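Trainee: Here it is: the structure, laid out below.
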Amino acid sequence: MKRLALACALVAIAAGPALAQTTTTVQRSAVEAHMAFLAGDELQGRGSATRDEAIAAAYVAAQFRLAGLTPVPGMDGHLQRAPVVMTTPSGAARLTLGGTTLEQGRDFAILTGGLTAASGALTVAQGADAAALPASAEALMIAPAEGPGVRAVFGAAMRSGARLILMRRTEALAQATAGSASAARVVRLSDTPARSGPVALVLSPEVWDRLAATGGEVRYDPGQATIETGVTTNAMGWLAGSEPDGPVLMVSAHLDHVGVRPDGVVMHGANDDASGTVAVIELARALAGSGPHRMNILFVAYGAEEVGLLGSRYFVANPPVPLDRIRANLEIEMIGDQDPQLPAGVMMMTGFERSNFGPELQARGALIGPDPYPEQNFFQRSDNYALAQRGVVAHTVSGWATIPTYHTPEDTIANINFDFMTAAIQSLVAPLAAVAEGDVVPTWAEGGRPEAP
């Protein structure tokens, strides 16, 4: 009954007239209202390529219409749907070493990959950081230290060439695989091949220590997976400029999150990235109220970011406007709270030094500054990157990229700093309007543009 009422409410919103609002002020009450819907219990965490993600996209599209945004010229609506293939692992994978058989759920959890068989001789890393990883190994064993540094170690391991990665469980890794009686499904765009990267497993400390002491040849058997087809959805709105065929400014976020864990726990994803999606909605309303501008402005909320940036990848492969018309892209990711390492009220921008986009926005009042975590390579890890590789000056802003609630059940509305979030969104309105008027020409700094894919 709750789902029926929700669907009826959405239909009522979407069927209403396009009521353009003229105020450029971002109201905390509006921010809270959007967050209550997108990160509420009803949407069950907006899992990638699920019905809940589709409802979230329909809500964003309805808000675009209410702000007076139209479909992108040439499109018949505000939604771009991408066909996907979804593979659900067996949940009964096994790891064997000699006469010992280890079982998924009891002895280990799947961190990533896990759909293909893998084997090799065990090599134990002689240290806990990325620099300690061996140059080559078939099956690499790592005991990372507690703390956020595990991300860097994992990234280095994935690039090491190992076919099988066995990580000793830490608190962070335990959270990342919590509730995984079976590993989460793997989603890919229908026109792309299945990923062939390494299998990464998280082992209990006791099991990891035993394997490290034993050594030898280890074999991973994934069991029989289930394959289905589906769609992921991007929501898009177009604010026409005074030069309809001219340049485009793009503002974006991703609307999906992790959804429901296998153990039934809802991962609400309030900060990641309902907060960014709300920012896109409110910026669409505010910039519609300050226009028309010289440049066209394209607002996008991507689907399926959490399973491999699929929405943005599909967008780049099937752009609703030629990519060479898009002069800049501001991606908004996790602005629900403030990083204590940053000045009060300030967000970080990934790749800040790579172009003049961030400094020019900052000079006009945007509450942004450089990324204090360059070693984390956040510039390459968000939806902005696919566009940046095609030459678009594209960056991501974030309030706290290393927030402790990241991908945990605690990423809820109760842990959102609404005053910070509202002020952060408001600070972007006038600077983005200046870009849209042509007062700023976003340009890569020398050496700042990433290489094409």
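Chains: A, B, ... in order of the structure tokens. Residues: from 1 per chain. Ligands: from 1, in order shown.
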Which residues come within 8 Å of Met250 (chain A), counting only C-alpha atoms, excluding same-chain residues fewer than 5 positions away, as an MDAnalysis selection string?

Mentor: chainID A and resid 297:300 326:330

Trainee: Just the residues within 10 Å of Pro453 (chain A), please, counting only C-alpha atoms, with nothing from its chain fewer than 5 positions along; format it as a list in words.

Mentor: Ala386, Ala388, Gln389 and Arg390 of chain A

Trainee: Using N, CA, C and O atoms, can you write the selected residues to a file as a tab-separated table (two decimals), in the first residue's frame?

Mentor:
chain	number	residue	atom	x	y	z
A	386	ALA	N	34.81	10.34	-17.05
A	386	ALA	CA	34.52	9.92	-18.42
A	386	ALA	C	34.44	11.13	-19.35
A	386	ALA	O	34.90	11.08	-20.50
A	388	ALA	N	35.94	14.12	-18.67
A	388	ALA	CA	37.27	14.73	-18.69
A	388	ALA	C	38.17	14.03	-19.72
A	388	ALA	O	38.96	14.69	-20.41
A	389	GLN	N	38.04	12.73	-19.84
A	389	GLN	CA	38.84	12.00	-20.82
A	389	GLN	C	38.48	12.38	-22.25
A	389	GLN	O	39.28	12.17	-23.16
A	390	ARG	N	37.29	12.93	-22.44
A	390	ARG	CA	36.87	13.39	-23.78
A	390	ARG	C	37.13	14.87	-23.98
A	390	ARG	O	36.69	15.44	-24.98

Trainee: Nearest to Ile332 (chain A) among A:Pro374, A:Gly215, A:Gly113, A:Gly276, with distances taken over only C-alpha atoms: which residue is it?

Mentor: A:Gly276

Trainee: Looking at A:Val72, A:Leu203, A:Ala424, A:Val231, which one is nearest to Pro322 (chain A), with distances taken over only C-alpha atoms?

Mentor: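 Closest candidate: A:Val72.
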
Trainee: Ranking A:Thr100, A:Gln338, A:Ser312, A:Gln80 by minimum distance to Asp419 (chain A) and counting only C-alpha atoms, which one comes first?

Mentor: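 Distance minimum relative to Asp419 (chain A) lands on A:Gln338.
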
Trainee: Pick the closest to Val392 (chain A) from A:Ala212, A:Ala57, A:Leu173, A:Val248: which is it, counting only C-alpha atoms?

Mentor: A:Val248
